[in-house]
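Undergrad: I have a structure here, written as structure tokens, and I will follow up with some questions on it.
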Amino acid sequence: MNKVYRRQRIEGTVVNGIIKNGSYFLSLFGVYEDGVVNCWHKNDLWQFEDELKRQCVVPSVPVGKSLSIFQLGNFVIQEAQWLYNEAGYYNHIKDVVKSLNPEMQNLYRTTKREVEKWKNHHVKFTAEFTPFRLKHEMGYSTIDGDKCYIFYRENGKLYLIMLSVYEDGMLQIGLQEKYYTWEEIEKMFDEKILCVKPNKNEWVHIPDLGCVLFEKDIHSVSVKDKKASILELRKRIMKEQTAHEKCIQAYHDYLEYPCDETKEILKKAYEIVPEMERCYLGDMDTRDTDYIRILYTDEKREV
């Protein structure tokens with residue numbers, strides 16, 4: 001019997017959520033019209049309810065604990081006004097599904113066979129989302145994108161929102177219908193409309209979760225690094241060569257022809273990569289340690 005497959009497009013939206021995995025991690029959950037919720041891995045609505053019961057997903061963070069926000073920093077909670085308890089957050093997710101699928105028909109239900117299949121093949125069971133925007137109504141032509149977190153000031157309030165970047169180079173702030181050029185986004189950084197952390201005693205509004213006041217940041221990125229990271233994201237989604245790719249190429253060139261000239265090229269390429277992304281130049285174990293060894297130490301490489 002010949003094997004075949006088909007691809008199916010399922011649309012949805014994003015909802016802020018919190019993963020508890022030792023520490024607390026803010027995450028954008030993909031919530032789809034068929035009831036699938038992606039919270040680091042794929043769940044149907046019944047599995048998602050179980051994730052909440054097991055406190056793998058939580059609707060709040062205790063005061064004094066830190067909340068990690070990817071590519072922004074790690075922030076300690078001083079005060080908080082959370083919107084939901086466990087049951088309330090689950091109902092909120094169901095309401096989001098219902099807004100996408102008012103009839104609540106054809107909801108996806110995971111089978112044991114499906115879970116075991118991907119487990120046996122060592123494939124991550126996930127339903128990661130791709131941001132998109134409509135290019136043309138005729139033919140339903142869309143443009144794909146990618147996303148990151150950013151703080152955004154509007155009408156005297158500070159929001160933690162998703163910044164989307166699209167293949168045509170345009171950017172979008174949260175759920176706004178307006179699209180921005182990179183120059184407009186850069187100006188918003190200069191005017192402190194976009195920022196990488198709140199001011200002292202400034203409450204942060206997190207959609208779907210509530211309002212928090214951070215006591216301090218254990219670690220946060222710089223504005224310079226965040227802007228560079230967004231530019232990298234923009235290049236990647238536009239299929240242009242990124243600083244990350246140039247650095248890896250320079251690293252391989254140095255290993256093949258180790259000399260002062262290739263080392264200097266590698267040094268320049270390495271220092272252009274946003275600091276918070278340098279750890280991804282190697283694998284999970286080596287990170288960027290070999291780059292540091294070559295550029296900033298006299299240590300010889302072990303073969």
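Going by the structure tokens order, chains are called A, B, ..., each with residues numbered from 1, while ligands are numbered from 1 in the order shown.
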Give me the residues within 6 Å of Phe75 in chain A as a list in words, counting only C-alpha atoms and dropping any in the same chain fewer than 2 places off.
TA: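 Final neighbour list, sorted by chain and number: Ser66, Leu67, Lys216, Asp217 and Ile218 of chain A.
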Undergrad: Could you take the residues named above and write them with all heavy atoms, as an mmCIF file, in the first residue's frame?
TA:
```cif
data_model
loop_
_atom_site.group_PDB
_atom_site.id
_atom_site.type_symbol
_atom_site.label_atom_id
_atom_site.label_comp_id
_atom_site.auth_asym_id
_atom_site.auth_seq_id
_atom_site.Cartn_x
_atom_site.Cartn_y
_atom_site.Cartn_z
ATOM 1 N N SER A 66 10.189 34.815 40.029
ATOM 2 C CA SER A 66 10.561 35.522 38.811
ATOM 3 C C SER A 66 9.827 34.958 37.608
ATOM 4 O O SER A 66 9.488 33.771 37.563
ATOM 5 C CB SER A 66 12.071 35.444 38.583
ATOM 6 O OG SER A 66 12.483 34.111 38.363
ATOM 7 N N LEU A 67 9.587 35.828 36.645
ATOM 8 C CA LEU A 67 8.949 35.459 35.392
ATOM 9 C C LEU A 67 9.947 35.695 34.267
ATOM 10 O O LEU A 67 10.445 36.814 34.088
ATOM 11 C CB LEU A 67 7.694 36.302 35.172
ATOM 12 C CG LEU A 67 6.939 36.070 33.860
ATOM 13 C CD1 LEU A 67 6.389 34.649 33.787
ATOM 14 C CD2 LEU A 67 5.800 37.087 33.710
ATOM 15 N N LYS A 216 12.235 44.028 40.386
ATOM 16 C CA LYS A 216 13.537 44.275 39.755
ATOM 17 C C LYS A 216 13.693 43.273 38.619
ATOM 18 O O LYS A 216 12.930 42.320 38.488
ATOM 19 C CB LYS A 216 14.680 44.097 40.755
ATOM 20 C CG LYS A 216 14.737 42.704 41.364
ATOM 21 C CD LYS A 216 15.848 42.568 42.373
ATOM 22 C CE LYS A 216 15.863 41.167 43.001
ATOM 23 N NZ LYS A 216 16.930 40.990 43.979
ATOM 24 N N ASP A 217 14.692 43.525 37.796
ATOM 25 C CA ASP A 217 15.008 42.544 36.770
ATOM 26 C C ASP A 217 16.304 41.841 37.156
ATOM 27 O O ASP A 217 17.306 42.480 37.444
ATOM 28 C CB ASP A 217 15.140 43.194 35.388
ATOM 29 C CG ASP A 217 16.143 44.347 35.365
ATOM 30 O OD1 ASP A 217 15.762 45.459 35.765
ATOM 31 O OD2 ASP A 217 17.297 44.122 34.956
ATOM 32 N N ILE A 218 16.251 40.512 37.196
ATOM 33 C CA ILE A 218 17.456 39.731 37.457
ATOM 34 C C ILE A 218 18.400 39.876 36.275
ATOM 35 O O ILE A 218 19.619 39.946 36.418
ATOM 36 C CB ILE A 218 17.094 38.249 37.681
ATOM 37 C CG1 ILE A 218 16.160 38.122 38.893
ATOM 38 C CG2 ILE A 218 18.331 37.386 37.873
ATOM 39 C CD1 ILE A 218 15.592 36.734 39.085
#
```
Undergrad: Show me a table, sorted first by chain and then by increasing residue number, of the residues of range 94-178 of chain A having an atom at most 9 Å from range 11-21 of chain A, each with its shortest atom pair and the distance in Å to one decimal, counting only C-alpha atoms and written as JSON lines.
TA:
```
{"residue": "A:Val96", "atom": "CA", "partner": "A:Thr13", "partner_atom": "CA", "distance": 8.3}
{"residue": "A:Val97", "atom": "CA", "partner": "A:Gly12", "partner_atom": "CA", "distance": 8.1}
{"residue": "A:Leu100", "atom": "CA", "partner": "A:Gly12", "partner_atom": "CA", "distance": 6.8}
{"residue": "A:Phe129", "atom": "CA", "partner": "A:Val14", "partner_atom": "CA", "distance": 8.3}
{"residue": "A:Pro131", "atom": "CA", "partner": "A:Thr13", "partner_atom": "CA", "distance": 8.6}
```
Undergrad: Run DSSP on the backbone and grab whatever in range 70-109 of chain A lands in alpha helix (DSSP H); send it over as a list in words.
TA: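 Selecting the alpha helix (DSSP H) positions of range 70-109 of chain A gives Glu86, Ala87, Gly88, Tyr89, Tyr90, Asn91, His92, Ile93, Lys94, Asp95, Val96, Val97, Lys98, Ser99 and Leu100 of chain A.
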Undergrad: Figure out the distance between CA of Ile193 in chain A and CA of Arg153 in chain A, please, to one decimal in Å.
TA: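 Interatomic distance, CA of Arg153 in chain A to CA of Ile193 in chain A: 4.9 Å.
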Undergrad: Could you find all residues in range 88-218 of chain A that DSSP calls strand (DSSP E) from the backbone, and write them as an MDAnalysis selection string?
TA: chainID A and resid 132:136 141:154 157:166 171:173 194:195 204:206 210:218
Undergrad: Taking only C-alpha atoms into account, produce a table as a tab-separated table in which each residue of range 115-211 of chain A with an atom at most 9 Å from an atom of range 222-228 of chain A appears once, together with its shortest atom pair and the distance in Å to one decimal, ordered by chain and rising number.
TA:
```
residue	atom	partner	partner_atom	distance
A:Ile150	CA	A:Lys226	CA	8.8
A:Glu186	CA	A:Lys227	CA	7.6
A:Phe189	CA	A:Val223	CA	7.8
A:Cys195	CA	A:Val223	CA	6.9
A:Val196	CA	A:Val223	CA	6.1
```
Undergrad: Out of A:Val212, A:Val63, A:Val58, A:Leu194, which residue has the shortest atom-to-atom distance to Ser27 in chain A when counting only C-alpha atoms?
TA: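 Closest candidate: A:Val58.
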Undergrad: From the set A:Cys148, A:Thr130, A:Asp298, A:Leu231, which residue has the shortest atom-to-atom contact distance to Trp182 in chain A, counting only C-alpha atoms?
TA: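 Closest to Trp182 in chain A, using only C-alpha atoms: A:Leu231.
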Undergrad: So what do you get for CA of Leu160 in chain A versus CA of Asn74 in chain A, distance-wise?
TA: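 For CA of Leu160 in chain A relative to CA of Asn74 in chain A, the distance reads 13.6 Å.
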